[in-house]
Amino acid sequence: MNRLLYASAVACLLAACAPATDIELPQGVSWTDYSHQNLVHGQVGAIAEALKAATGVDLRIQPADSDLARAELLRQGEVDFAATAVGGSVAAQEGAFDFAGADWGPQKVRLVLANTREPIDYDVAVAGDLGIETYADLAGKRVAWYADVPVVNVNTQAYLAYAGLTWDDVERVEIHGFFDAALKALEEGRLDAAFAATSIDAAYEAAAGPRGLSWPSLDPENAEGWERMEAVAPYFVQYDVTDGAAVDHAHGLHGTHYPYPILVAMETTDTGLVYNMTKALVELFPQYQGKAPGIDGWQLEAQELQWFVPYHEGAVAYFKEAGVWSDEAQAHNDHLVARQEALAAAWKALSAEHPADWESAWAGRRRQALQDGGFQVIF
């Protein structure tokens, strides 16, 4: 859709919004979110307050420690929605990483809405004393390998691919923990580069440390590099980073990010419930805007309507009503639904065979199913 028309449709929609008396939700709606992530928990809390004030609906929040824990609550019907990340959306859909186990498999998760403009920008942090100007200069350098969060290593791989490199071109340094642990190792000289968030405290600490910190910029004109990156991590969104440690606030840097948090439901979640939850998030945006760090990315005009997880039909119904859903978006969504169906069929067929080495068997069957269906193979 033309950006001008899109913005106009959104403006008209919001201008027409009266207090949300026509939002039809049950008295209690439940989300699961992160027990250890204040950024997400703060946003969900602000949304809950706005929903209560405008409609009287209670948004019950059940924190969980991991992607699997949140997904378990969702698939068992103990919560209606999950505010999650790439692990709980893309990896869940793909039956990859934590979801590759025989008791999990590909999940038919559906996107509701996501925070697509938030202050956590992601890039590969590089020790400032190395003089690295492009990611191609990482060849032979020590790069963080996240042993506990394997999906993050795909993000690093995408940056290496942009530069024409692979993991074989660098030295892997195993890191236990998350971004803080990797950036501390960089600061102490135990590694040279690590995929991380630009604005966390550990990044500022590393930038002020003896080695300093830099974030090489991606070239928006490097079409071949972006194509290689997209082949590895199609959920990345190009983004001009302006916030964070050692970031030039006047000029920023061209990098990537992905939506976070991402609100998902199951395919089987009631269409009316999803429609009204989507409507509430969009039309109550002025009530929770600015009420928590990073929360402004929930607005309708920020949404990526052709992302890598299909939207729930309830959300699509609202987008059509709002005038922002296109034929192209529908075709893209249908393709993603077909992808999920192909993965589900492959999982069911393999389960009936009871392979001795499930992990290896599923990896091969999954790849074959995607190739046979003409779908992009990732992970």
# chains A, B, ... in the order shown; residues from 1 in each chain; ligands from 1
>>> residues_around(residues="range 297-302 of chain A", least_positions_apart="3", cutoff="6 Å", atoms="only C-alpha atoms", output="list in words")
Ala114, Asn115, Thr116, Arg117, Glu118 and Val282 of chain A
>>> residues_around(residues="Val124 in chain A", least_positions_apart="6", cutoff="9 Å", atoms="only C-alpha atoms", output="list of chain:residue names")
A:Tyr135, A:Asn155, A:Thr156, A:Tyr159, A:Ala193, A:Ala194, A:Phe195, A:Ala196, A:Ala197, A:Thr198, A:Ser214, A:Trp215, A:Pro216
>>> residues_around(residues="range 178-191 of chain A", least_positions_apart="6", cutoff="6 Å", atoms="only C-alpha atoms", output="list in words")
Arg142, Ala202 and Ala206 of chain A
>>> select_by_dssp(residues="range 64-298 of chain A", states="alpha helix (DSSP H)", output="PyMOL selection string")
chain A and resi 67-75+86+92-94+150-162+179-187+201-208+223-232+271-283+285-288
>>> closest_residue(among="A:Ile378, A:Gly225, A:Ala54, A:Leu343", to="Arg365 in chain A", atoms="only C-alpha atoms")
A:Leu343
>>> closest_atom_pairs(of="range 103-165 of chain A", to="range 244-268 of chain A", cutoff="9 Å", atoms="only C-alpha atoms", output="Markdown table")
| residue | atom | partner | partner_atom | distance |
| --- | --- | --- | --- | --- |
| A:Gln107 | CA | A:Met266 | CA | 8.0 |
| A:Lys108 | CA | A:Glu267 | CA | 5.6 |
| A:Val109 | CA | A:Met266 | CA | 4.6 |
| A:Arg110 | CA | A:Ala265 | CA | 5.3 |
| A:Leu111 | CA | A:Val264 | CA | 4.6 |
| A:Val112 | CA | A:Val264 | CA | 5.4 |
| A:Leu113 | CA | A:Leu263 | CA | 5.5 |
| A:Ala114 | CA | A:Ile262 | CA | 4.4 |
| A:Asn115 | CA | A:Tyr260 | CA | 5.3 |
| A:Thr116 | CA | A:Pro259 | CA | 4.4 |
| A:Arg117 | CA | A:Pro259 | CA | 7.3 |
| A:Glu118 | CA | A:Tyr260 | CA | 7.5 |
| A:Pro119 | CA | A:Gly244 | CA | 8.5 |
| A:Ile120 | CA | A:His257 | CA | 7.7 |
| A:Asp121 | CA | A:His257 | CA | 5.5 |
| A:Tyr122 | CA | A:His257 | CA | 5.4 |
| A:Asp123 | CA | A:Gly255 | CA | 6.4 |
>>> select_by_dssp(residues="range 23-159 of chain A", states="strand (DSSP E)", output="VMD selection string")
chain A and resid 28 to 34 58 to 64 81 to 84 109 to 114 122 to 127 142 to 146
>>> write_last_selection(atoms="C-alpha atoms", output="short mmCIF file (atom, residue, chain, number, x, y, z; two decimals), in the first residue's frame")
data_model
loop_
_atom_site.label_atom_id
_atom_site.label_comp_id
_atom_site.auth_asym_id
_atom_site.auth_seq_id
_atom_site.Cartn_x
_atom_site.Cartn_y
_atom_site.Cartn_z
CA GLY A 28 -10.88 -11.08 31.90
CA VAL A 29 -8.24 -11.54 29.18
CA SER A 30 -4.88 -13.19 29.86
CA TRP A 31 -1.39 -12.67 28.45
CA THR A 32 1.90 -14.32 29.31
CA ASP A 33 5.06 -12.27 29.13
CA TYR A 34 8.64 -12.23 30.44
CA ASP A 58 -8.93 -6.91 33.38
CA LEU A 59 -5.78 -7.95 31.54
CA ARG A 60 -4.27 -10.72 33.64
CA ILE A 61 -0.53 -11.09 33.17
CA GLN A 62 1.21 -14.42 33.82
CA PRO A 63 5.00 -14.07 33.51
CA ALA A 64 7.10 -17.03 32.36
CA PHE A 81 -2.07 -14.45 24.14
CA ALA A 82 1.70 -14.52 24.50
CA ALA A 83 3.97 -11.48 24.33
CA THR A 84 7.15 -13.08 23.10
CA VAL A 109 1.04 -19.49 16.08
CA ARG A 110 -0.62 -16.42 14.61
CA LEU A 111 0.51 -12.82 14.85
CA VAL A 112 -1.83 -10.30 16.46
CA LEU A 113 0.23 -7.12 16.72
CA ALA A 114 3.86 -6.33 17.50
CA TYR A 122 20.42 -4.90 17.40
CA ASP A 123 23.78 -5.14 15.69
CA VAL A 124 27.10 -6.88 16.08
CA ALA A 125 29.19 -5.00 18.65
CA VAL A 126 32.90 -4.87 17.85
CA ALA A 127 35.80 -3.99 20.14
CA ARG A 142 36.73 -14.09 17.94
CA VAL A 143 32.94 -13.92 17.78
CA ALA A 144 30.44 -14.77 20.53
CA TRP A 145 28.53 -18.05 20.21
CA TYR A 146 25.54 -18.05 22.59
#
